[in-house]
Each structure stands twice: as structure tokens, then as C-alpha cells.
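Shown next: my_file25.pdb, given as PDB, C-alpha atoms.
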ATOM      1  CA  MET A   2     -17.989  -2.172   8.299
ATOM      2  CA  LYS A   3     -14.340  -2.570   9.235
ATOM      3  CA  THR A   4     -12.294   0.606   9.055
ATOM      4  CA  ALA A   5      -9.708  -1.127   6.844
ATOM      5  CA  ILE A   6     -12.419  -1.539   4.201
ATOM      6  CA  LYS A   7     -14.485   1.597   4.794
ATOM      7  CA  TYR A   8     -11.452   3.887   4.766
ATOM      8  CA  ALA A   9      -9.274   1.998   2.299
ATOM      9  CA  PRO A  10      -7.148   4.468   0.292
ATOM     10  CA  GLN A  11      -8.823   5.580  -2.920
ATOM     11  CA  SER A  12      -5.771   7.414  -4.227
ATOM     12  CA  LEU A  13      -2.050   7.601  -3.533
ATOM     13  CA  GLY A  14      -2.727  10.688  -1.403
ATOM     14  CA  ASP A  15      -4.559   8.479   1.110
ATOM     15  CA  VAL A  16      -1.661   6.028   1.527
ATOM     16  CA  ILE A  17       0.267   6.108   4.807
ATOM     17  CA  TYR A  18       3.908   6.246   3.770
ATOM     18  CA  PRO A  19       6.798   5.183   6.019
ATOM     19  CA  SER A  20       8.754   8.320   5.113
ATOM     20  CA  LEU A  21       8.659  11.463   3.011
ATOM     21  CA  ALA A  22      11.422   9.990   0.845
ATOM     22  CA  VAL A  23       9.221   7.008  -0.085
ATOM     23  CA  GLN A  24       6.222   9.248  -0.769
ATOM     24  CA  THR A  25       8.326  11.577  -2.931
ATOM     25  CA  ARG A  26       9.599   8.665  -4.996
ATOM     26  CA  ILE A  27       6.154   7.120  -5.495
ATOM     27  CA  ASP A  28       4.774  10.524  -6.467
ATOM     28  CA  ALA A  29       7.593  10.910  -8.996
ATOM     29  CA  TYR A  30       6.471   7.720 -10.733
ATOM     30  CA  ALA A  31       2.832   8.791 -10.533
ATOM     31  CA  ASN A  32       3.711  12.146 -12.109
ATOM     32  CA  LYS A  33       5.904  10.461 -14.766
ATOM     33  CA  ALA A  34       9.004  12.275 -13.571
ATOM     34  CA  LEU A  35      10.445   8.784 -13.074
ATOM     35  CA  GLU A  36       9.749   5.799 -15.314
ATOM     36  CA  GLY A  37      10.508   2.101 -15.330
ATOM     37  CA  ASN A  38       9.673  -1.038 -13.401
ATOM     38  CA  ILE A  39       9.577  -0.851  -9.607
ATOM     39  CA  LEU A  40       9.869  -3.315  -6.749
ATOM     40  CA  LEU A  41       8.183  -2.397  -3.462
ATOM     41  CA  TRP A  42       9.542  -4.416  -0.575
ATOM     42  CA  GLY A  43       9.085  -4.624   3.185
ATOM     43  CA  PRO A  44       7.154  -6.504   5.890
ATOM     44  CA  ASN A  45       3.442  -7.244   5.821
ATOM     45  CA  GLY A  46       0.945  -4.433   6.243
ATOM     46  CA  THR A  47       3.098  -1.473   5.228
ATOM     47  CA  GLY A  48       1.077  -0.266   2.228
ATOM     48  CA  LYS A  49       3.067  -1.934  -0.565
ATOM     49  CA  SER A  50       0.115  -3.653  -2.220
ATOM     50  CA  THR A  51      -2.090  -0.587  -1.836
ATOM     51  CA  ALA A  52       0.462   1.626  -3.569
ATOM     52  CA  ALA A  53       1.024  -1.021  -6.254
ATOM     53  CA  ARG A  54      -2.701  -1.180  -7.056
ATOM     54  CA  LEU A  55      -3.178   2.597  -7.088
ATOM     55  CA  LEU A  56      -0.115   3.519  -9.153
ATOM     56  CA  PRO A  57      -1.463   2.389 -12.547
ATOM     57  CA  VAL A  58      -4.534   4.598 -12.183
ATOM     58  CA  ALA A  59      -2.407   7.508 -10.980
ATOM     59  CA  ILE A  60      -0.219   7.156 -14.077
ATOM     60  CA  GLY A  61      -2.692   6.058 -16.736
ATOM     61  CA  GLY A  62      -5.988   7.426 -15.454
ATOM     62  CA  ALA A  63      -9.279   5.686 -14.749
ATOM     63  CA  HIS A  64      -8.962   3.572 -17.904
ATOM     64  CA  ALA A  65      -5.411   2.400 -17.275
ATOM     65  CA  ARG A  66      -4.745  -0.932 -18.974
ATOM     66  CA  ILE A  67      -3.831  -3.467 -16.300
ATOM     67  CA  GLU A  68      -2.894  -7.034 -17.208
ATOM     68  CA  HIS A  69      -5.378  -9.384 -15.576
ATOM     69  CA  LYS A  70      -3.733 -12.691 -16.367
ATOM     70  CA  ASP A  71      -2.355 -14.517 -13.350
ATOM     71  CA  MET A  72       1.400 -14.001 -12.955
ATOM     72  CA  GLU A  73       2.049 -17.733 -12.973
ATOM     73  CA  GLU A  74       0.238 -17.985 -16.299
ATOM     74  CA  LEU A  75       2.200 -15.056 -17.741
ATOM     75  CA  VAL A  76       5.561 -16.436 -16.660
ATOM     76  CA  ARG A  77       4.764 -19.830 -18.195
ATOM     77  CA  MET A  78       3.544 -18.450 -21.558
ATOM     78  CA  LYS A  79       5.810 -19.646 -24.388
ATOM     79  CA  ASN A  80       4.614 -16.853 -26.678
ATOM     80  CA  LEU A  81       4.767 -14.161 -23.986
ATOM     81  CA  ARG A  82       6.844 -11.744 -26.068
ATOM     82  CA  THR A  83       4.321 -11.867 -28.920
ATOM     83  CA  TYR A  84       1.449 -11.538 -26.459
ATOM     84  CA  LEU A  85       2.929  -8.430 -24.829
ATOM     85  CA  GLN A  86       3.886  -6.860 -28.149
ATOM     86  CA  SER A  87       0.347  -7.344 -29.427
ATOM     87  CA  ALA A  88      -1.263  -6.006 -26.239
ATOM     88  CA  THR A  89       0.945  -2.927 -26.104
ATOM     89  CA  SER A  90       0.452  -2.204 -29.823
ATOM     90  CA  VAL A  91      -3.301  -2.028 -29.235
ATOM     91  CA  ILE A  92      -2.783   0.341 -26.305
ATOM     92  CA  PHE A  93      -0.513   2.532 -28.451
ATOM     93  CA  LEU A  94      -3.119   2.712 -31.225
ATOM     94  CA  GLU A  95      -5.740   3.685 -28.650
ATOM     95  CA  GLU A  96      -3.385   6.421 -27.388
ATOM     96  CA  GLY A  97      -3.205   4.766 -23.996
ATOM     97  CA  GLU A  98      -0.358   5.085 -21.508
ATOM     98  CA  LYS A  99       1.141   1.595 -21.281
ATOM     99  CA  LEU A 100       0.357  -1.890 -20.038
ATOM    100  CA  PHE A 101       0.721  -2.301 -16.281
ATOM    101  CA  ILE A 102       1.599  -5.658 -14.741
ATOM    102  CA  VAL A 103       1.078  -5.769 -10.972
ATOM    103  CA  ALA A 104       2.798  -8.794  -9.422
ATOM    104  CA  GLU A 105       2.028  -9.034  -5.703
ATOM    105  CA  GLU A 106       4.206 -11.238  -3.491
ATOM    106  CA  LEU A 107       6.184 -12.361  -6.523
ATOM    107  CA  ASP A 108       8.681 -14.153  -4.277
ATOM    108  CA  THR A 109       6.121 -16.930  -3.781
ATOM    109  CA  LEU A 110       6.334 -17.762  -7.487
ATOM    110  CA  LYS A 111       9.149 -20.180  -8.215
ATOM    111  CA  GLY A 112      10.707 -21.252 -11.486
ATOM    112  CA  ASP A 113      12.686 -19.947 -14.443
ATOM    113  CA  PHE A 114      12.018 -16.257 -15.154
ATOM    114  CA  ALA A 115      14.250 -16.002 -18.230
ATOM    115  CA  ASN A 116      11.308 -16.095 -20.649
ATOM    116  CA  PHE A 117       9.557 -13.396 -18.642
ATOM    117  CA  TRP A 118      12.384 -10.872 -18.387
ATOM    118  CA  LYS A 119      13.354 -11.340 -22.026
ATOM    119  CA  ALA A 120       9.768 -10.583 -23.035
ATOM    120  CA  LEU A 121       9.805  -7.501 -20.795
ATOM    121  CA  ASP A 122      13.003  -6.265 -22.438
ATOM    122  CA  ALA A 123      11.310  -6.460 -25.835
ATOM    123  CA  VAL A 124       8.562  -4.039 -24.744
ATOM    124  CA  GLN A 125      10.356  -2.175 -21.966
ATOM    125  CA  ASP A 126       9.063   1.285 -22.919
ATOM    126  CA  ARG A 127       5.463   0.102 -23.215
ATOM    127  CA  VAL A 128       5.108  -2.020 -20.065
ATOM    128  CA  MET A 129       5.498  -1.129 -16.393
ATOM    129  CA  LEU A 130       6.029  -3.998 -13.972
ATOM    130  CA  ILE A 131       5.106  -3.264 -10.354
ATOM    131  CA  VAL A 132       6.300  -5.962  -7.955
ATOM    132  CA  THR A 133       5.674  -6.366  -4.214
ATOM    133  CA  THR A 134       7.556  -8.684  -1.888
ATOM    134  CA  ASN A 135       8.551  -9.020   1.758
ATOM    135  CA  ASP A 136      12.212  -9.451   0.865
ATOM    136  CA  ALA A 137      13.758  -7.978  -2.283
ATOM    137  CA  MET A 138      16.512 -10.597  -2.228
ATOM    138  CA  ASN A 139      13.899 -13.307  -2.727
ATOM    139  CA  ILE A 140      13.152 -11.917  -6.187
ATOM    140  CA  HIS A 141      15.288 -13.431  -8.937
ATOM    141  CA  LYS A 142      18.223 -11.143  -9.671
ATOM    142  CA  SER A 143      17.330 -10.957 -13.378
ATOM    143  CA  LEU A 144      14.064  -9.250 -12.455
ATOM    144  CA  ARG A 145      15.439  -7.327  -9.485
ATOM    145  CA  SER A 146      18.049  -5.681 -11.687
ATOM    146  CA  ARG A 147      15.316  -4.423 -13.992
ATOM    147  CA  CYS A 148      13.415  -2.629 -11.219
ATOM    148  CA  GLY A 149      13.866   0.428  -9.082
ATOM    149  CA  LEU A 150      13.736  -0.763  -5.447
ATOM    150  CA  ILE A 151      11.602   1.112  -2.902
ATOM    151  CA  ASN A 152      11.669  -0.012   0.724
ATOM    152  CA  PHE A 153       8.434   0.112   2.753
ATOM    153  CA  PRO A 154       9.568  -0.543   6.370
ATOM    154  CA  ALA A 155       7.218  -1.206   9.296
ATOM    155  CA  LEU A 156       4.907   1.684  10.150
ATOM    156  CA  SER A 157       5.244   3.368  13.524
ATOM    157  CA  ALA A 158       2.243   4.431  15.582
ATOM    158  CA  ARG A 159       3.193   8.073  15.100
ATOM    159  CA  GLN A 160       3.209   7.656  11.309
ATOM    160  CA  VAL A 161      -0.309   6.208  11.460
ATOM    161  CA  LEU A 162      -1.621   8.799  13.941
ATOM    162  CA  THR A 163      -2.833  11.477  11.505
ATOM    163  CA  ARG A 164      -4.800   9.042   9.355
ATOM    164  CA  ALA A 165      -6.112   7.280  12.471
ATOM    165  CA  GLN A 166      -7.404  10.550  13.919
ATOM    166  CA  LEU A 167      -9.205  11.385  10.674
ATOM    167  CA  ILE A 168     -10.916   7.997  10.788
ATOM    168  CA  LEU A 169     -11.856   8.272  14.459
ATOM    169  CA  GLN A 170     -13.242  11.777  14.028
ATOM    170  CA  SER A 171     -15.261  10.623  11.010
ATOM    171  CA  GLU A 172     -16.822   8.069  13.364
ATOM    172  CA  ASP A 173     -17.494  10.742  16.047
ATOM    173  CA  VAL A 174     -14.819   9.380  18.337
ATOM    174  CA  HIS A 175     -12.713  12.250  19.665
ATOM    175  CA  LEU A 176      -9.414  11.498  21.380
ATOM    176  CA  SER A 177      -6.488  13.732  22.120
ATOM    177  CA  ASP A 178      -3.444  12.934  20.006
ATOM    178  CA  GLN A 179      -1.733  11.632  23.155
ATOM    179  CA  GLN A 180      -4.536   9.185  23.916
ATOM    180  CA  ALA A 181      -4.866   8.031  20.303
ATOM    181  CA  LEU A 182      -1.101   7.584  19.997
ATOM    182  CA  TYR A 183      -0.968   5.522  23.169
ATOM    183  CA  CYS A 184      -3.730   3.221  21.876
ATOM    184  CA  LEU A 185      -1.924   2.758  18.571
ATOM    185  CA  GLN A 186       1.323   2.013  20.388
ATOM    186  CA  LEU A 187      -0.364  -0.985  22.009
ATOM    187  CA  VAL A 188      -0.040  -2.797  18.658
ATOM    188  CA  GLU A 189       3.062  -1.030  17.339
ATOM    189  CA  SER A 190       5.310  -4.064  17.772
ATOM    190  CA  THR A 191       4.010  -5.586  14.515
ATOM    191  CA  GLY A 192       4.176  -2.387  12.464
ATOM    192  CA  ASP A 193       1.263  -3.858  10.491
ATOM    193  CA  LEU A 194      -1.406  -1.444   9.264
ATOM    194  CA  ARG A 195      -4.023  -4.175   9.648
ATOM    195  CA  ASP A 196      -3.357  -4.309  13.390
ATOM    196  CA  TYR A 197      -3.632  -0.521  13.649
ATOM    197  CA  MET A 198      -6.987  -0.603  11.827
ATOM    198  CA  ASN A 199      -8.219  -3.395  14.102
ATOM    199  CA  LYS A 200      -7.330  -1.212  17.081
ATOM    200  CA  LEU A 201      -9.421   1.609  15.606
ATOM    201  CA  ASP A 202     -12.353  -0.809  15.198
ATOM    202  CA  GLU A 203     -12.009  -1.621  18.890
ATOM    203  CA  LEU A 204     -11.911   2.037  19.934
ATOM    204  CA  ILE A 205     -14.965   2.864  17.830
ATOM    205  CA  TYR A 206     -16.865  -0.053  19.359
ATOM    206  CA  LEU A 207     -15.983   0.975  22.907
ATOM    207  CA  ALA A 208     -16.926   4.610  22.313
ATOM    208  CA  ARG A 209     -20.251   3.807  20.666
ATOM    209  CA  ASN A 210     -21.232   1.577  23.530
ATOM    210  CA  GLY A 211     -20.202   3.979  26.286
ATOM    211  CA  LEU A 212     -17.423   1.694  27.475
ATOM    212  CA  ALA A 213     -14.088   2.788  28.902
ATOM    213  CA  LEU A 214     -11.295   3.385  26.432
ATOM    214  CA  PRO A 215      -7.752   2.204  27.219
ATOM    215  CA  PRO A 216      -6.296   4.689  29.738
ATOM    216  CA  LEU A 217      -2.785   6.016  29.697
ATOM    217  CA  PRO A 218      -0.401   4.080  31.986
ATOM    218  CA  THR A 219      -0.943   6.319  35.038
ATOM    219  CA  VAL A 220      -3.727   8.557  36.274
ATOM    220  CA  ALA A 221      -1.187  11.270  36.978
ATOM    221  CA  LYS A 222       0.031  11.202  33.406
ATOM    222  CA  SER A 223      -3.532  11.363  32.107
ATOM    223  CA  ALA A 224      -4.257  14.415  34.224
ATOM    224  CA  GLN A 225      -1.120  16.136  33.008
ATOM    225  CA  CYS A 226      -2.061  15.518  29.378
ATOM    226  CA  GLY A 227      -5.594  16.847  29.855
ATOM    227  CA  LEU A 228      -7.138  13.889  28.031
ATOM    228  CA  SER A 229     -10.733  14.004  26.990
ATOM    229  CA  VAL A 230     -12.772  11.331  25.276
ATOM    230  CA  VAL A 231     -16.145  12.154  23.791
ATOM    231  CA  PRO A 232     -17.933   8.966  22.829
ATOM    232  CA  SER A 233     -20.201   9.081  19.819
ATOM    233  CA  LYS A 234     -23.946   8.937  20.154
ATOM    234  CA  LYS A 235     -25.462   5.546  19.643
ATOM    235  CA  LYS A 236     -27.105   5.247  16.257
TER     236      LYS A 236
END
Can the structure in the file be given as C-alpha cells, please?
Amino acid sequence: MKTAIKYAPQSLGDVIYPSLAVQTRIDAYANKALEGNILLWGPNGTGKSTAARLLPVAIGGAHARIEHKDMEELVRMKNLRTYLQSATSVIFLEEGEKLFIVAEELDTLKGDFANFWKALDAVQDRVMLIVTTNDAMNIHKSLRSRCGLINFPALSARQVLTRAQLILQSEDVHLSDQQALYCLQLVESTGDLRDYMNKLDELIYLARNGLALPPLPTVAKSAQCGLSVVPSKKK
């Protein structure tokens, strides 16, 4: 099983954040210290969608009420305000938290959003909109102004290193931090977590089959760093 699937974050604590500032802000929403709609933006593979999917559960618990209608269908609904008012009234009667609407890559949805943001305004304390996009400026300003913006920039190899080492060690692949960091840096140009996870799949495969792992640039440098690689036993 691919590491991206096997070790997919199960809670916000498993997410690799681009900075402590971003983590602190996400945690503030999760802990209800901050409230309101949020817009997570940045390039592909930086954890935006993962955080967006995990936030409702962090806020509302295992039974958090998440809207399952397609965003395009919601935006086009003529009676959207009535629909949201009805849905949130039921949640209130059931002593639930609020209705969560997770809109991933909302910038791909074109059209008039006036009906949507007016409906949101009517239930603003009972609905939380969580939007993801590559570019915040591609989101209509009427929606953007109603969200707190959180930037998820590209992830560096060093930011991924701790999580990567936990995954490798769980698979009985033991690399020094220097060796693991170097391997991650081979795909750092994209800053995409998917590429980092694919690199881990490659390292696990090589180790399990007794094949050579990518060496550091020079033998001299390797000797100085005291690298040691202990491949896992074949299962």
C-alpha cells in the first residue's frame, strides 16, 4: 500500500504544516478560539485539502454535520437560503455544532456567487465554509471577503523530514536524518507532498529488496556524516 494512503493523516496533529504560524491558526479554529469561514490557499500538495477535511471533525466531533451536496449544486440552488436555514435548525435542535461546507478547489467553479454568499450571511453563525484553492485571488471577492485567509506554501524537505522518518522507521527502514533529508531534497523542487511520499515508497522498495539507496553526493561527505542504512527484512 502506498505510504500516502497508509499513513494519511487521521487528525490535525498528523498534518505537516508549512510553519508554526499556520499550525497555530488552524489549531485555534479547531479549538474554537477562532470562528468563521476560512480559505486555505497555496500550491498543490501542501496539505490544504487534508486540513479542510479534518477540521470539521476536530471542531464538531465524530458526528460533525458536513454538507454532502456538490458545491455546484449548492451554488445553483434557488432556495439555498431556506435549505441552509432548515438544515442548521435541525442541527441546533440536535445540539450539534454547526453545518460544515467544505469546498475544495472552489476556483474551478465559475458563475454568479451572489445567491450563495447571501444565503451564507443569513446563517453565518450556524455554518462554517472551508474553501481550498491554489490562488486566493481566483476566488470571487464576495466570498474571499467573508473568509479568513490562511496560506499553505510549498513544503520544504526539512519540514517533511520528521514525518518521513516516522514512516520509514515504521517500515523498518532506518536512515540517518542526513541521508533521509538528502533523498527528500531530490524532489524538493515541486514542494508537493505527493512527490515526497512517492520518494518514500521508492526508498522502502529499495530497502526491502536489498538494493542500494541513493548515496550522498560524495563518498567523503558520506563518511563524514557517518551514514548507516539498515534495510528491513524481507517479509
Reference answer for the PyMOL selection byres ((chain A and resi 4) around 12), as an MDAnalysis selection string: chainID A and resid 2:3 5:10 164:165 167:169 171:172 194:206
Ground truth for the PyMOL selection byres ((chain A and resi 214) around 10), written as a PyMOL selection string: chain A and resi 176+180+184+203-208+211-213+215-217+230+232
Distance criterion (only C-alpha atoms): nearest to Trp42 (chain A) out of A:Cys148, A:Leu85, A:Ala29, A:Leu185: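 That would be A:Cys148, the residue with the smallest distance to Trp42 (chain A).
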Best match for closeness to Pro19 (chain A) among A:Thr83, A:Thr134, A:Ser157, A:Ser190, counting all atoms listed in the file: A:Ser157
Neighbour list for Ile67 (chain A) as a PyMOL selection string, cut-off 10 Å, all atoms listed in the file, skip fewer than 6 positions in-chain: chain A and resi 54+57-58+61+99-103+128-129
Contact residues around Leu121 (chain A) with all atoms listed in the file at 10 Å, ignoring same-chain residues under 5 positions, as a VMD selection string: chain A and resid 38 81 to 82 85 to 86 115 to 116 126 to 130 144 147
Expected file content for region 86-186 of chain A, C-alpha atoms, as a PDB file, in the first residue's frame:
ATOM      1  CA  GLN A  86     -31.805  27.604   7.445  1.00  0.00           C
ATOM      2  CA  SER A  87     -33.708  24.327   7.628  1.00  0.00           C
ATOM      3  CA  ALA A  88     -30.546  22.204   7.828  1.00  0.00           C
ATOM      4  CA  THR A  89     -28.972  24.335  10.541  1.00  0.00           C
ATOM      5  CA  SER A  90     -32.212  24.453  12.561  1.00  0.00           C
ATOM      6  CA  VAL A  91     -32.195  20.653  12.709  1.00  0.00           C
ATOM      7  CA  ILE A  92     -28.567  20.663  13.854  1.00  0.00           C
ATOM      8  CA  PHE A  93     -29.402  23.237  16.544  1.00  0.00           C
ATOM      9  CA  LEU A  94     -32.298  21.120  17.831  1.00  0.00           C
ATOM     10  CA  GLU A  95     -29.989  18.104  17.959  1.00  0.00           C
ATOM     11  CA  GLU A  96     -27.477  20.196  19.944  1.00  0.00           C
ATOM     12  CA  GLY A  97     -24.921  19.831  17.186  1.00  0.00           C
ATOM     13  CA  GLU A  98     -22.072  22.228  16.453  1.00  0.00           C
ATOM     14  CA  LYS A  99     -22.881  23.698  13.039  1.00  0.00           C
ATOM     15  CA  LEU A 100     -23.109  22.749   9.385  1.00  0.00           C
ATOM     16  CA  PHE A 101     -19.742  22.495   7.648  1.00  0.00           C
ATOM     17  CA  ILE A 102     -19.391  23.135   3.923  1.00  0.00           C
ATOM     18  CA  VAL A 103     -16.045  22.003   2.508  1.00  0.00           C
ATOM     19  CA  ALA A 104     -15.435  23.470  -0.955  1.00  0.00           C
ATOM     20  CA  GLU A 105     -12.218  22.101  -2.460  1.00  0.00           C
ATOM     21  CA  GLU A 106     -10.633  23.905  -5.414  1.00  0.00           C
ATOM     22  CA  LEU A 107     -13.517  26.364  -5.488  1.00  0.00           C
ATOM     23  CA  ASP A 108     -11.702  28.472  -8.086  1.00  0.00           C
ATOM     24  CA  THR A 109     -12.642  25.888 -10.723  1.00  0.00           C
ATOM     25  CA  LEU A 110     -16.318  26.714 -10.195  1.00  0.00           C
ATOM     26  CA  LYS A 111     -17.415  29.631 -12.337  1.00  0.00           C
ATOM     27  CA  GLY A 112     -20.567  31.713 -12.256  1.00  0.00           C
ATOM     28  CA  ASP A 113     -22.510  34.140 -10.090  1.00  0.00           C
ATOM     29  CA  PHE A 114     -21.946  33.568  -6.358  1.00  0.00           C
ATOM     30  CA  ALA A 115     -24.336  36.273  -5.143  1.00  0.00           C
ATOM     31  CA  ASN A 116     -27.056  33.769  -4.220  1.00  0.00           C
ATOM     32  CA  PHE A 117     -24.514  31.690  -2.323  1.00  0.00           C
ATOM     33  CA  TRP A 118     -22.932  34.416  -0.203  1.00  0.00           C
ATOM     34  CA  LYS A 119     -26.297  35.974   0.603  1.00  0.00           C
ATOM     35  CA  ALA A 120     -27.515  32.596   1.852  1.00  0.00           C
ATOM     36  CA  LEU A 121     -24.342  32.240   3.931  1.00  0.00           C
ATOM     37  CA  ASP A 122     -24.911  35.653   5.504  1.00  0.00           C
ATOM     38  CA  ALA A 123     -28.371  34.544   6.615  1.00  0.00           C
ATOM     39  CA  VAL A 124     -26.929  31.633   8.628  1.00  0.00           C
ATOM     40  CA  GLN A 125     -23.423  32.931   9.291  1.00  0.00           C
ATOM     41  CA  ASP A 126     -23.261  31.784  12.925  1.00  0.00           C
ATOM     42  CA  ARG A 127     -24.521  28.291  12.110  1.00  0.00           C
ATOM     43  CA  VAL A 128     -22.439  27.441   9.029  1.00  0.00           C
ATOM     44  CA  MET A 129     -18.679  27.215   8.537  1.00  0.00           C
ATOM     45  CA  LEU A 130     -17.397  27.365   4.972  1.00  0.00           C
ATOM     46  CA  ILE A 131     -13.948  25.853   4.420  1.00  0.00           C
ATOM     47  CA  VAL A 132     -12.521  26.660   0.988  1.00  0.00           C
ATOM     48  CA  THR A 133      -9.321  25.431  -0.685  1.00  0.00           C
ATOM     49  CA  THR A 134      -7.718  26.925  -3.771  1.00  0.00           C
ATOM     50  CA  ASN A 135      -4.327  27.310  -5.431  1.00  0.00           C
ATOM     51  CA  ASP A 136      -4.732  31.071  -5.704  1.00  0.00           C
ATOM     52  CA  ALA A 137      -6.859  33.101  -3.290  1.00  0.00           C
ATOM     53  CA  MET A 138      -7.317  35.830  -5.896  1.00  0.00           C
ATOM     54  CA  ASN A 139      -9.157  33.358  -8.114  1.00  0.00           C
ATOM     55  CA  ILE A 140     -11.959  33.177  -5.549  1.00  0.00           C
ATOM     56  CA  HIS A 141     -14.699  35.749  -6.096  1.00  0.00           C
ATOM     57  CA  LYS A 142     -14.096  38.745  -3.850  1.00  0.00           C
ATOM     58  CA  SER A 143     -17.579  38.472  -2.314  1.00  0.00           C
ATOM     59  CA  LEU A 144     -16.628  35.085  -0.881  1.00  0.00           C
ATOM     60  CA  ARG A 145     -12.991  35.937  -0.212  1.00  0.00           C
ATOM     61  CA  SER A 146     -14.019  38.860   1.973  1.00  0.00           C
ATOM     62  CA  ARG A 147     -16.115  36.532   4.106  1.00  0.00           C
ATOM     63  CA  CYS A 148     -13.217  34.187   4.893  1.00  0.00           C
ATOM     64  CA  GLY A 149     -10.084  34.255   6.965  1.00  0.00           C
ATOM     65  CA  LEU A 150      -7.186  33.539   4.569  1.00  0.00           C
ATOM     66  CA  ILE A 151      -4.505  31.001   5.525  1.00  0.00           C
ATOM     67  CA  ASN A 152      -1.561  30.480   3.185  1.00  0.00           C
ATOM     68  CA  PHE A 153      -0.155  26.955   2.746  1.00  0.00           C
ATOM     69  CA  PRO A 154       3.116  27.485   0.791  1.00  0.00           C
ATOM     70  CA  ALA A 155       5.203  24.692  -0.745  1.00  0.00           C
ATOM     71  CA  LEU A 156       6.665  22.248   1.767  1.00  0.00           C
ATOM     72  CA  SER A 157      10.427  22.012   2.124  1.00  0.00           C
ATOM     73  CA  ALA A 158      12.233  18.705   2.539  1.00  0.00           C
ATOM     74  CA  ARG A 159      13.245  19.691   6.061  1.00  0.00           C
ATOM     75  CA  GLN A 160       9.608  20.334   7.017  1.00  0.00           C
ATOM     76  CA  VAL A 161       8.678  16.850   5.793  1.00  0.00           C
ATOM     77  CA  LEU A 162      11.685  15.127   7.398  1.00  0.00           C
ATOM     78  CA  THR A 163      10.215  14.309  10.825  1.00  0.00           C
ATOM     79  CA  ARG A 164       7.055  12.742   9.416  1.00  0.00           C
ATOM     80  CA  ALA A 165       9.086  10.951   6.732  1.00  0.00           C
ATOM     81  CA  GLN A 166      11.390   9.412   9.337  1.00  0.00           C
ATOM     82  CA  LEU A 167       8.422   8.162  11.360  1.00  0.00           C
ATOM     83  CA  ILE A 168       7.043   6.483   8.245  1.00  0.00           C
ATOM     84  CA  LEU A 169      10.374   4.951   7.246  1.00  0.00           C
ATOM     85  CA  GLN A 170      11.018   3.626  10.742  1.00  0.00           C
ATOM     86  CA  SER A 171       7.511   2.139  10.840  1.00  0.00           C
ATOM     87  CA  GLU A 172       8.517   0.234   7.701  1.00  0.00           C
ATOM     88  CA  ASP A 173      11.840  -0.892   9.278  1.00  0.00           C
ATOM     89  CA  VAL A 174      13.877   1.382   7.056  1.00  0.00           C
ATOM     90  CA  HIS A 175      16.457   3.218   9.155  1.00  0.00           C
ATOM     91  CA  LEU A 176      18.282   6.196   7.675  1.00  0.00           C
ATOM     92  CA  SER A 177      20.221   8.942   9.347  1.00  0.00           C
ATOM     93  CA  ASP A 178      18.465  12.298   9.197  1.00  0.00           C
ATOM     94  CA  GLN A 179      21.164  13.479   6.776  1.00  0.00           C
ATOM     95  CA  GLN A 180      20.549  10.609   4.365  1.00  0.00           C
ATOM     96  CA  ALA A 181      16.758  10.888   4.588  1.00  0.00           C
ATOM     97  CA  LEU A 182      16.904  14.656   4.086  1.00  0.00           C
ATOM     98  CA  TYR A 183      19.105  14.283   1.028  1.00  0.00           C
ATOM     99  CA  CYS A 184      16.658  11.789  -0.519  1.00  0.00           C
ATOM    100  CA  LEU A 185      13.733  14.118   0.131  1.00  0.00           C
ATOM    101  CA  GLN A 186      15.645  17.029  -1.377  1.00  0.00           C
TER     102      GLN A 186
END
